[in-house]
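Listing of run-v2.cif; format and content: mmCIF, C-alpha atoms.
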```cif
data_data
#
loop_
_atom_site.label_atom_id
_atom_site.label_comp_id
_atom_site.auth_asym_id
_atom_site.auth_seq_id
_atom_site.Cartn_x
_atom_site.Cartn_y
_atom_site.Cartn_z
CA MET A 1 -6.34 17.97 -24.00
CA LYS A 2 -2.78 16.84 -23.29
CA THR A 3 -1.56 17.39 -19.74
CA THR A 4 1.64 19.42 -19.45
CA VAL A 5 4.42 17.58 -17.62
CA LYS A 6 7.45 19.29 -16.12
CA ARG A 7 10.53 17.20 -15.35
CA ALA A 8 13.20 18.23 -12.85
CA THR A 9 15.83 16.98 -10.41
CA VAL A 10 16.09 17.92 -6.74
CA ARG A 11 19.47 17.83 -5.04
CA LEU A 12 19.52 16.15 -1.64
CA SER A 13 22.13 16.22 1.11
CA HIS A 14 23.94 13.18 -0.27
CA ASN A 15 22.04 12.27 -3.41
CA GLU A 16 19.66 13.40 -6.14
CA MET A 17 16.10 12.55 -7.07
CA ASP A 18 14.24 12.98 -10.35
CA TYR A 19 10.60 13.98 -10.30
CA PHE A 20 7.89 15.40 -12.50
CA THR A 21 4.90 17.60 -11.88
CA PHE A 22 1.58 18.23 -13.56
CA GLY A 23 -1.76 19.76 -12.69
CA SER A 24 -2.82 23.28 -11.82
CA GLY A 25 -4.63 22.93 -8.50
CA LYS A 26 -3.84 24.97 -5.40
CA ARG A 27 -3.45 21.89 -3.20
CA GLN A 28 -0.40 19.61 -3.19
CA MET A 29 -0.58 15.91 -4.02
CA VAL A 30 2.34 13.49 -4.04
CA ILE A 31 2.44 10.12 -5.81
CA LEU A 32 4.98 7.51 -4.72
CA PRO A 33 4.89 4.68 -7.28
CA GLY A 34 5.81 1.06 -6.76
CA MET A 35 9.16 -0.43 -7.67
CA ALA A 36 9.66 -1.21 -11.34
CA LEU A 37 12.29 -2.37 -13.79
CA LYS A 38 12.37 1.06 -15.43
CA SER A 39 12.15 4.55 -13.99
CA ILE A 40 8.74 6.15 -13.62
CA MET A 41 10.24 9.10 -15.50
CA ASN A 42 9.96 7.06 -18.72
CA VAL A 43 6.17 7.07 -18.51
CA ALA A 44 5.58 10.55 -17.07
CA GLU A 45 3.07 11.58 -19.74
CA GLY A 46 1.14 8.35 -19.29
CA VAL A 47 0.95 8.87 -15.53
CA ALA A 48 -0.22 12.45 -15.99
CA SER A 49 -2.91 11.30 -18.40
CA SER A 50 -4.03 8.57 -15.99
CA TYR A 51 -4.38 11.03 -13.10
CA ARG A 52 -5.83 13.95 -15.09
CA LEU A 53 -9.06 13.68 -13.08
CA LEU A 54 -7.18 15.13 -10.11
CA SER A 55 -5.16 17.71 -11.99
CA ASP A 56 -7.61 20.60 -11.62
CA GLU A 57 -7.80 20.22 -7.85
CA PHE A 58 -4.12 19.46 -7.25
CA THR A 59 -0.60 20.24 -8.34
CA ILE A 60 0.78 16.70 -8.45
CA THR A 61 4.39 15.70 -7.87
CA VAL A 62 5.56 12.19 -8.75
CA PHE A 63 8.90 11.19 -7.24
CA ASP A 64 11.26 8.64 -8.70
CA ARG A 65 13.50 6.67 -6.37
CA THR A 66 16.84 8.05 -5.20
CA LYS A 67 19.14 8.36 -8.21
CA PHE A 68 22.29 6.81 -6.75
CA LEU A 69 21.52 3.63 -4.83
CA THR A 70 24.05 1.53 -2.98
CA GLU A 71 23.86 -2.08 -1.86
CA ASN A 72 21.66 -2.76 1.18
CA TYR A 73 19.70 0.48 0.79
CA THR A 74 16.73 0.24 3.15
CA LEU A 75 13.10 1.24 2.81
CA THR A 76 13.65 3.78 5.56
CA GLN A 77 16.49 5.37 3.59
CA LEU A 78 14.30 5.51 0.48
CA ALA A 79 11.52 7.14 2.47
CA GLU A 80 13.85 9.63 4.16
CA ASP A 81 15.27 10.66 0.79
CA THR A 82 11.76 11.32 -0.47
CA ALA A 83 10.88 13.26 2.69
CA GLU A 84 13.95 15.44 2.16
CA ALA A 85 12.91 16.01 -1.47
CA MET A 86 9.46 17.10 -0.30
CA GLN A 87 11.01 19.48 2.23
CA ARG A 88 13.34 21.01 -0.34
CA LEU A 89 10.41 21.57 -2.70
CA SER A 90 8.34 23.10 0.15
CA ILE A 91 5.71 20.37 -0.08
CA ARG A 92 3.96 20.02 3.26
CA ASN A 93 0.57 18.82 4.47
CA ALA A 94 0.19 17.08 1.12
CA CYS A 95 -2.29 14.46 0.02
CA VAL A 96 0.03 11.48 -0.48
CA PHE A 97 -0.80 8.38 -2.52
CA GLY A 98 1.66 5.51 -2.21
CA ALA A 99 1.30 2.37 -4.33
CA SER A 100 2.94 -0.94 -3.40
CA GLN A 101 6.53 -0.14 -2.30
CA GLY A 102 5.59 3.53 -2.57
CA GLY A 103 2.89 2.84 0.00
CA VAL A 104 5.48 1.54 2.45
CA MET A 105 7.53 4.68 1.93
CA ALA A 106 4.43 6.84 2.37
CA MET A 107 3.67 5.17 5.70
CA ILE A 108 7.23 5.69 6.91
CA ILE A 109 7.08 9.38 5.92
CA ALA A 110 3.75 9.78 7.73
CA ILE A 111 5.31 8.22 10.85
CA MET A 112 8.60 10.11 10.82
CA HIS A 113 7.51 13.40 9.22
CA PRO A 114 3.81 13.86 10.00
CA GLU A 115 3.93 17.53 8.99
CA LEU A 116 4.47 16.45 5.37
CA VAL A 117 1.35 14.30 5.08
CA GLY A 118 -2.13 15.76 5.45
CA ARG A 119 -4.03 12.79 4.02
CA LEU A 120 -2.70 9.36 3.14
CA ALA A 121 -3.98 6.86 0.55
CA LEU A 122 -2.35 3.44 0.39
CA GLY A 123 -2.70 1.16 -2.62
CA SER A 124 -1.85 -2.56 -2.55
CA THR A 125 0.82 -2.23 0.10
CA ALA A 126 2.02 -3.91 3.29
CA ALA A 127 3.44 -3.09 6.69
CA ARG A 128 5.27 -6.41 6.91
CA LEU A 129 6.13 -9.19 4.49
CA ASP A 130 4.18 -12.44 4.72
CA PRO A 131 5.41 -15.78 3.28
CA VAL A 132 3.42 -15.36 0.05
CA SER A 133 4.94 -11.95 -0.64
CA ALA A 134 8.43 -13.10 0.34
CA GLN A 135 8.19 -15.95 -2.15
CA VAL A 136 7.20 -13.60 -4.96
CA MET A 137 10.04 -11.20 -4.13
CA ASP A 138 12.55 -14.03 -3.97
CA LYS A 139 11.45 -15.24 -7.41
CA TRP A 140 11.78 -11.75 -8.88
CA MET A 141 15.24 -11.32 -7.39
CA GLU A 142 16.35 -14.73 -8.68
CA LEU A 143 15.24 -13.97 -12.25
CA ALA A 144 16.73 -10.45 -12.13
CA GLU A 145 20.07 -11.77 -10.88
CA GLN A 146 20.04 -14.31 -13.72
CA ARG A 147 19.20 -11.45 -16.13
CA ASP A 148 16.35 -13.59 -17.46
CA LEU A 149 14.30 -10.69 -18.74
CA GLN A 150 11.61 -12.67 -20.55
CA ALA A 151 10.90 -14.95 -17.60
CA LEU A 152 10.80 -11.93 -15.29
CA LEU A 153 8.34 -10.10 -17.54
CA ASP A 154 6.18 -13.22 -17.80
CA CYS A 155 6.14 -13.39 -14.01
CA PHE A 156 5.25 -9.70 -13.72
CA VAL A 157 2.28 -9.97 -16.05
CA SER A 158 0.98 -13.12 -14.39
CA VAL A 159 1.06 -11.83 -10.80
CA LEU A 160 0.65 -8.07 -11.07
CA TYR A 161 -2.57 -7.87 -13.08
CA GLY A 162 -6.00 -9.39 -13.36
CA ARG A 163 -6.56 -11.90 -16.15
CA ASP A 164 -8.46 -9.58 -18.49
CA PHE A 165 -5.92 -6.78 -18.19
CA ALA A 166 -3.01 -9.21 -18.63
CA GLU A 167 -4.55 -10.68 -21.77
CA LYS A 168 -5.24 -7.24 -23.23
CA PHE A 169 -2.02 -5.44 -22.35
CA GLY A 170 0.50 -8.14 -21.42
CA ALA A 171 2.20 -8.24 -24.82
CA PHE A 172 2.56 -4.44 -24.86
CA ILE A 173 3.99 -4.43 -21.31
CA LYS A 174 6.60 -7.00 -22.30
CA LEU A 175 7.46 -5.18 -25.53
CA SER A 176 7.92 -1.86 -23.70
CA HIS A 177 10.54 -3.44 -21.42
CA GLN A 178 12.83 -4.94 -24.07
CA ASP A 179 15.36 -2.13 -23.62
CA VAL A 180 16.06 -2.83 -19.93
CA THR A 181 19.73 -2.12 -19.18
CA GLU A 182 22.27 -3.61 -16.81
CA ALA A 183 21.86 -0.54 -14.59
CA ASP A 184 18.08 -1.11 -14.57
CA PHE A 185 18.59 -4.67 -13.35
CA GLU A 186 21.01 -3.60 -10.63
CA ARG A 187 18.64 -0.88 -9.44
CA PHE A 188 15.68 -3.24 -9.43
CA ILE A 189 17.58 -5.77 -7.30
CA ILE A 190 18.52 -3.14 -4.73
CA LEU A 191 14.92 -1.94 -4.54
CA GLY A 192 13.63 -5.50 -4.27
CA LYS A 193 16.03 -6.48 -1.53
CA SER A 194 14.99 -3.42 0.48
CA PHE A 195 11.80 -5.36 1.25
CA ASP A 196 13.94 -7.54 3.51
CA THR A 197 13.83 -4.64 5.98
CA LEU A 198 10.04 -4.27 5.90
CA ASP A 199 8.46 -4.48 9.34
CA ILE A 200 6.62 -1.33 10.41
CA TYR A 201 3.40 -2.94 11.61
CA ASP A 202 4.00 -2.05 15.26
CA ARG A 203 4.65 1.58 14.28
CA LEU A 204 1.39 2.10 12.38
CA GLU A 205 -0.27 3.57 15.48
CA GLN A 206 2.03 6.58 14.99
CA ILE A 207 0.09 7.52 11.84
CA HIS A 208 -2.56 10.04 12.83
CA CYS A 209 -3.64 11.62 9.54
CA PRO A 210 -6.83 10.53 7.76
CA THR A 211 -5.99 7.38 5.81
CA LEU A 212 -7.65 5.30 3.10
CA VAL A 213 -6.50 1.76 2.27
CA LEU A 214 -7.25 0.42 -1.21
CA GLY A 215 -6.55 -3.28 -1.69
CA ALA A 216 -7.35 -6.06 -4.14
CA ILE A 217 -8.90 -9.37 -3.18
CA ASP A 218 -6.69 -11.19 -5.69
CA ASP A 219 -3.42 -9.37 -4.92
CA LYS A 220 -0.77 -12.03 -5.58
CA VAL A 221 2.15 -9.80 -4.58
CA LEU A 222 1.50 -8.05 -1.25
CA THR A 223 -1.86 -9.79 -0.57
CA ALA A 224 -5.27 -8.56 0.48
CA GLN A 225 -4.51 -9.65 4.04
CA ALA A 226 -1.61 -7.17 4.20
CA SER A 227 -3.92 -4.31 3.19
CA PHE A 228 -6.61 -5.49 5.60
CA GLU A 229 -4.29 -5.58 8.60
CA ILE A 230 -3.11 -2.02 7.90
CA ALA A 231 -6.71 -0.79 7.77
CA GLN A 232 -7.58 -2.76 10.90
CA LYS A 233 -4.56 -1.44 12.80
CA LEU A 234 -5.30 2.16 11.80
CA GLY A 235 -9.07 1.85 12.15
CA CYS A 236 -9.37 3.67 8.85
CA ALA A 237 -11.56 3.48 5.78
CA CYS A 238 -10.79 0.72 3.31
CA TYR A 239 -12.02 -0.64 0.00
CA PHE A 240 -11.14 -3.93 -1.68
CA TYR A 241 -11.42 -4.50 -5.42
CA GLU A 242 -13.00 -7.68 -6.68
CA SER A 243 -11.02 -10.59 -8.07
CA LYS A 244 -11.02 -9.32 -11.68
CA TYR A 245 -8.29 -6.87 -10.61
CA GLY A 246 -4.82 -7.70 -9.33
CA HIS A 247 -2.03 -6.06 -7.35
CA CYS A 248 -1.98 -3.18 -9.84
CA ALA A 249 -5.64 -2.33 -9.37
CA PHE A 250 -4.47 1.30 -9.27
CA ASP A 251 -3.69 0.94 -12.99
CA GLU A 252 -6.61 -1.35 -13.87
CA ALA A 253 -9.75 -0.19 -12.06
CA PRO A 254 -11.58 2.64 -13.89
CA ASP A 255 -12.91 4.17 -10.66
CA TYR A 256 -9.61 4.18 -8.76
CA LYS A 257 -8.72 7.83 -9.38
CA GLN A 258 -12.26 8.93 -8.51
CA ARG A 259 -11.90 7.19 -5.14
CA LEU A 260 -8.63 9.06 -4.55
CA LEU A 261 -10.21 12.36 -5.52
CA ASP A 262 -13.23 11.79 -3.28
CA PHE A 263 -11.04 10.91 -0.30
CA PHE A 264 -8.53 13.72 -0.78
CA THR A 265 -11.26 16.35 -1.14
CA GLN A 266 -13.41 15.29 1.81
#
```
Would you mind writing the structure in this file as structure tokens?
Amino acid sequence: MKTTVKRATVRLSHNEMDYFTFGSGKRQMVILPGMALKSIMNVAEGVASSYRLLSDEFTITVFDRTKFLTENYTLTQLAEDTAEAMQRLSIRNACVFGASQGGVMAMIIAIMHPELVGRLALGSTAARLDPVSAQVMDKWMELAEQRDLQALLDCFVSVLYGRDFAEKFGAFIKLSHQDVTEADFERFIILGKSFDTLDIYDRLEQIHCPTLVLGAIDDKVLTAQASFEIAQKLGCACYFYESKYGHCAFDEAPDYKQRLLDFFTQ
């Protein structure tokens, strides 16, 4: 049965944010996706279908990034905008899943607005940028600034996914991004450069809610080590996917949503 998706926009103090909701559960869940060339709003139905396992237990809200971004926008600003959106929608004590850049934002929200986060799941994310991750980000920014879409998509497929997934879906992923606009490129660059401000490792001890870290051994973007050091710092539960999965294990691994459901309903 198709999952019903409701799209909306929440007005913030100085901005706006698009979001969509699905599910019928009494509990609140928030998904903060990673950065991408195109808005998560374009694939809302696909996301809802992917997370349908949780839709009976939770009402799920997926937030896009702030609508109007300016140069040098920081990760903290992105997180604060999302926290304000949650407050305006009366979402508190939620089960929050943040993937990649969304995981950074989720950690910042848990630090600065602990009343908003009841349980926290972090997928393929980092509290600080290591040289491997910085090199990947620099390459993405270089290709985006050159507007070399095909080379950028080739790079995405090669580093974001495991080999089997890339071989099976790589061509479709590239085809679905052929309509990227100038505004998409500009937005992607701002989001990518926000990683220059990433260094919250020493603040992780301010996270007190139950937390689960999900990493991937072969994460070529934010690295397994980055996930491990978050789990070690927090002393929380963690699970690492084998090398057949990549950075986007949250899209690849068939048991990923079950792990989220099990953790959020403990």
Practice problem: Any chance you could resolve the PyMOL selection byres ((chain A and resi 212) around 6) against this file and give the residues as JSON, numbers by chain? | Solution: {"A": [121, 211, 213, 237, 238]}
Could you save the residues just selected, with C-alpha atoms, as an mmCIF file, keeping the file's coordinate frame?
```cif
data_model
loop_
_atom_site.group_PDB
_atom_site.id
_atom_site.type_symbol
_atom_site.label_atom_id
_atom_site.label_comp_id
_atom_site.auth_asym_id
_atom_site.auth_seq_id
_atom_site.Cartn_x
_atom_site.Cartn_y
_atom_site.Cartn_z
ATOM 1 C CA ALA A 121 -3.980 6.860 0.550
ATOM 2 C CA THR A 211 -5.990 7.380 5.810
ATOM 3 C CA VAL A 213 -6.500 1.760 2.270
ATOM 4 C CA ALA A 237 -11.560 3.480 5.780
ATOM 5 C CA CYS A 238 -10.790 0.720 3.310
#
```
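Each of A:Met35, A:Ala85, A:Ala253, A:Ile91 was compared to Phe63 (chain A) using all atoms listed in the file, and A:Ala85 turns out to be the nearest.
The smallest atom-to-atom distance between Leu153 (chain A) and any of A:Val96, A:Lys174, A:Glu167, A:Leu54, using all atoms listed in the file, is found for A:Lys174.
Counting all atoms listed in the file, the residue from A:Glu115, A:Glu57, A:Glu145, A:Asp130 that sits nearest to Glu186 (chain A) is A:Glu145.
Shortest separation to Ile200 (chain A) among A:Lys233, A:Arg119, A:Arg92, A:His247 occurs at residue A:Lys233, atoms counted being only C-alpha atoms.
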Quiz item: Skipping near chain neighbours, those fewer than 2 positions away, what residues fall within 12 Å of Val43 (chain A) using only C-alpha atoms, listed as a list in words?
Solution: Val5, Arg7, Tyr19, Phe20, Pro33, Ala36, Lys38, Ser39, Ile40, Met41, Glu45, Gly46, Val47, Ala48, Ser49, Ser50, Val62, Asp64, Ser176 and His177 of chain A
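Comparing A:Ala127, A:Ala144, A:Met17, A:Val157 by their smallest distance to Phe228 (chain A), the closest is A:Ala127 (using only C-alpha atoms).
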Exercise. Would you list the contacts of Glu242 (chain A) as a PyMOL selection string, taking every protein, DNA or RNA residue within 9 Å and counting all atoms listed in the file, but skipping same-chain residues closer than 2 positions in sequence?
Key: chain A and resi 216-218+240+244-246
Filtering to N, CA and C atoms, could region 16-54 of chain A of the supplied structure be written out as a PDB file, in the first residue's frame?
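Wrote selection.pdb, looks like this:
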```pdb
ATOM      1  N   GLU A  16      12.786  30.093   5.706  1.00  0.00           N
ATOM      2  CA  GLU A  16      11.739  29.101   5.537  1.00  0.00           C
ATOM      3  C   GLU A  16      12.386  27.731   5.386  1.00  0.00           C
ATOM      4  N   MET A  17      11.606  26.703   5.649  1.00  0.00           N
ATOM      5  CA  MET A  17      12.114  25.344   5.482  1.00  0.00           C
ATOM      6  C   MET A  17      11.000  24.439   4.991  1.00  0.00           C
ATOM      7  N   ASP A  18      11.268  23.706   3.904  1.00  0.00           N
ATOM      8  CA  ASP A  18      10.320  22.727   3.406  1.00  0.00           C
ATOM      9  C   ASP A  18      10.486  21.431   4.194  1.00  0.00           C
ATOM     10  N   TYR A  19       9.391  20.701   4.306  1.00  0.00           N
ATOM     11  CA  TYR A  19       9.442  19.406   4.978  1.00  0.00           C
ATOM     12  C   TYR A  19       8.293  18.551   4.481  1.00  0.00           C
ATOM     13  N   PHE A  20       8.367  17.264   4.781  1.00  0.00           N
ATOM     14  CA  PHE A  20       7.221  16.404   4.492  1.00  0.00           C
ATOM     15  C   PHE A  20       7.046  15.423   5.631  1.00  0.00           C
ATOM     16  N   THR A  21       5.834  14.941   5.767  1.00  0.00           N
ATOM     17  CA  THR A  21       5.502  14.007   6.838  1.00  0.00           C
ATOM     18  C   THR A  21       4.804  12.780   6.262  1.00  0.00           C
ATOM     19  N   PHE A  22       4.944  11.690   6.981  1.00  0.00           N
ATOM     20  CA  PHE A  22       4.215  10.461   6.661  1.00  0.00           C
ATOM     21  C   PHE A  22       4.166   9.613   7.927  1.00  0.00           C
ATOM     22  N   GLY A  23       3.360   8.584   7.894  1.00  0.00           N
ATOM     23  CA  GLY A  23       3.214   7.724   9.058  1.00  0.00           C
ATOM     24  C   GLY A  23       2.021   8.119   9.909  1.00  0.00           C
ATOM     25  N   SER A  24       1.598   7.190  10.769  1.00  0.00           N
ATOM     26  CA  SER A  24       0.397   7.415  11.571  1.00  0.00           C
ATOM     27  C   SER A  24       0.613   7.118  13.048  1.00  0.00           C
ATOM     28  N   GLY A  25       1.871   6.918  13.448  1.00  0.00           N
ATOM     29  CA  GLY A  25       2.143   6.573  14.833  1.00  0.00           C
ATOM     30  C   GLY A  25       1.962   7.737  15.786  1.00  0.00           C
ATOM     31  N   LYS A  26       1.804   7.412  17.068  1.00  0.00           N
ATOM     32  CA  LYS A  26       1.614   8.443  18.090  1.00  0.00           C
ATOM     33  C   LYS A  26       2.918   9.128  18.470  1.00  0.00           C
ATOM     34  N   ARG A  27       4.044   8.465  18.241  1.00  0.00           N
ATOM     35  CA  ARG A  27       5.340   9.032  18.607  1.00  0.00           C
ATOM     36  C   ARG A  27       5.929   9.820  17.440  1.00  0.00           C
ATOM     37  N   GLN A  28       6.797  10.772  17.761  1.00  0.00           N
ATOM     38  CA  GLN A  28       7.402  11.638  16.756  1.00  0.00           C
ATOM     39  C   GLN A  28       8.799  11.137  16.389  1.00  0.00           C
ATOM     40  N   MET A  29       9.062  11.059  15.098  1.00  0.00           N
ATOM     41  CA  MET A  29      10.393  10.753  14.586  1.00  0.00           C
ATOM     42  C   MET A  29      10.780  11.813  13.580  1.00  0.00           C
ATOM     43  N   VAL A  30      12.041  12.212  13.613  1.00  0.00           N
ATOM     44  CA  VAL A  30      12.571  13.212  12.688  1.00  0.00           C
ATOM     45  C   VAL A  30      13.727  12.600  11.918  1.00  0.00           C
ATOM     46  N   ILE A  31      13.745  12.805  10.605  1.00  0.00           N
ATOM     47  CA  ILE A  31      14.857  12.374   9.764  1.00  0.00           C
ATOM     48  C   ILE A  31      15.554  13.619   9.209  1.00  0.00           C
ATOM     49  N   LEU A  32      16.865  13.691   9.423  1.00  0.00           N
ATOM     50  CA  LEU A  32      17.688  14.762   8.859  1.00  0.00           C
ATOM     51  C   LEU A  32      18.633  14.120   7.846  1.00  0.00           C
ATOM     52  N   PRO A  33      18.350  14.275   6.559  1.00  0.00           N
ATOM     53  CA  PRO A  33      19.144  13.592   5.533  1.00  0.00           C
ATOM     54  C   PRO A  33      20.502  14.255   5.325  1.00  0.00           C
ATOM     55  N   GLY A  34      21.352  13.567   4.584  1.00  0.00           N
ATOM     56  CA  GLY A  34      22.641  14.146   4.229  1.00  0.00           C
ATOM     57  C   GLY A  34      22.503  15.198   3.146  1.00  0.00           C
ATOM     58  N   MET A  35      23.601  15.900   2.878  1.00  0.00           N
ATOM     59  CA  MET A  35      23.590  16.889   1.807  1.00  0.00           C
ATOM     60  C   MET A  35      23.516  16.180   0.461  1.00  0.00           C
ATOM     61  N   ALA A  36      22.905  16.838  -0.500  1.00  0.00           N
ATOM     62  CA  ALA A  36      22.733  16.238  -1.820  1.00  0.00           C
ATOM     63  C   ALA A  36      22.656  17.336  -2.866  1.00  0.00           C
ATOM     64  N   LEU A  37      22.818  16.945  -4.112  1.00  0.00           N
ATOM     65  CA  LEU A  37      22.729  17.912  -5.205  1.00  0.00           C
ATOM     66  C   LEU A  37      21.316  18.440  -5.376  1.00  0.00           C
ATOM     67  N   LYS A  38      20.328  17.602  -5.086  1.00  0.00           N
ATOM     68  CA  LYS A  38      18.930  17.985  -5.240  1.00  0.00           C
ATOM     69  C   LYS A  38      18.206  17.857  -3.911  1.00  0.00           C
ATOM     70  N   SER A  39      17.161  18.610  -3.756  1.00  0.00           N
ATOM     71  CA  SER A  39      16.393  18.629  -2.517  1.00  0.00           C
ATOM     72  C   SER A  39      15.780  17.264  -2.225  1.00  0.00           C
ATOM     73  N   ILE A  40      15.743  16.919  -0.945  1.00  0.00           N
ATOM     74  CA  ILE A  40      15.102  15.692  -0.501  1.00  0.00           C
ATOM     75  C   ILE A  40      13.616  15.706  -0.840  1.00  0.00           C
ATOM     76  N   MET A  41      13.050  16.883  -1.048  1.00  0.00           N
ATOM     77  CA  MET A  41      11.632  16.983  -1.379  1.00  0.00           C
ATOM     78  C   MET A  41      11.315  16.303  -2.712  1.00  0.00           C
ATOM     79  N   ASN A  42      12.308  16.184  -3.586  1.00  0.00           N
ATOM     80  CA  ASN A  42      12.103  15.555  -4.889  1.00  0.00           C
ATOM     81  C   ASN A  42      11.882  14.050  -4.791  1.00  0.00           C
ATOM     82  N   VAL A  43      12.292  13.467  -3.690  1.00  0.00           N
ATOM     83  CA  VAL A  43      12.184  12.010  -3.544  1.00  0.00           C
ATOM     84  C   VAL A  43      11.374  11.645  -2.304  1.00  0.00           C
ATOM     85  N   ALA A  44      10.432  12.497  -1.937  1.00  0.00           N
ATOM     86  CA  ALA A  44       9.652  12.297  -0.710  1.00  0.00           C
ATOM     87  C   ALA A  44       8.949  10.945  -0.696  1.00  0.00           C
ATOM     88  N   GLU A  45       8.312  10.582  -1.783  1.00  0.00           N
ATOM     89  CA  GLU A  45       7.589   9.306  -1.816  1.00  0.00           C
ATOM     90  C   GLU A  45       8.546   8.122  -1.681  1.00  0.00           C
ATOM     91  N   GLY A  46       9.713   8.234  -2.278  1.00  0.00           N
ATOM     92  CA  GLY A  46      10.702   7.176  -2.157  1.00  0.00           C
ATOM     93  C   GLY A  46      11.200   7.021  -0.731  1.00  0.00           C
ATOM     94  N   VAL A  47      11.411   8.144  -0.043  1.00  0.00           N
ATOM     95  CA  VAL A  47      11.839   8.100   1.353  1.00  0.00           C
ATOM     96  C   VAL A  47      10.752   7.458   2.217  1.00  0.00           C
ATOM     97  N   ALA A  48       9.515   7.878   1.993  1.00  0.00           N
ATOM     98  CA  ALA A  48       8.401   7.329   2.768  1.00  0.00           C
ATOM     99  C   ALA A  48       8.287   5.821   2.562  1.00  0.00           C
ATOM    100  N   SER A  49       8.471   5.381   1.342  1.00  0.00           N
ATOM    101  CA  SER A  49       8.421   3.950   1.055  1.00  0.00           C
ATOM    102  C   SER A  49       9.558   3.213   1.752  1.00  0.00           C
ATOM    103  N   SER A  50      10.741   3.819   1.745  1.00  0.00           N
ATOM    104  CA  SER A  50      11.913   3.195   2.359  1.00  0.00           C
ATOM    105  C   SER A  50      11.763   3.036   3.869  1.00  0.00           C
ATOM    106  N   TYR A  51      11.076   3.991   4.500  1.00  0.00           N
ATOM    107  CA  TYR A  51      10.926   3.983   5.959  1.00  0.00           C
ATOM    108  C   TYR A  51       9.541   3.524   6.405  1.00  0.00           C
ATOM    109  N   ARG A  52       8.817   2.835   5.537  1.00  0.00           N
ATOM    110  CA  ARG A  52       7.445   2.435   5.877  1.00  0.00           C
ATOM    111  C   ARG A  52       7.400   1.494   7.076  1.00  0.00           C
ATOM    112  N   LEU A  53       8.494   0.778   7.343  1.00  0.00           N
ATOM    113  CA  LEU A  53       8.541  -0.122   8.485  1.00  0.00           C
ATOM    114  C   LEU A  53       8.293   0.612   9.795  1.00  0.00           C
ATOM    115  N   LEU A  54       8.657   1.898   9.831  1.00  0.00           N
ATOM    116  CA  LEU A  54       8.508   2.683  11.054  1.00  0.00           C
ATOM    117  C   LEU A  54       7.228   3.507  11.086  1.00  0.00           C
TER     118      LEU A  54
END
```
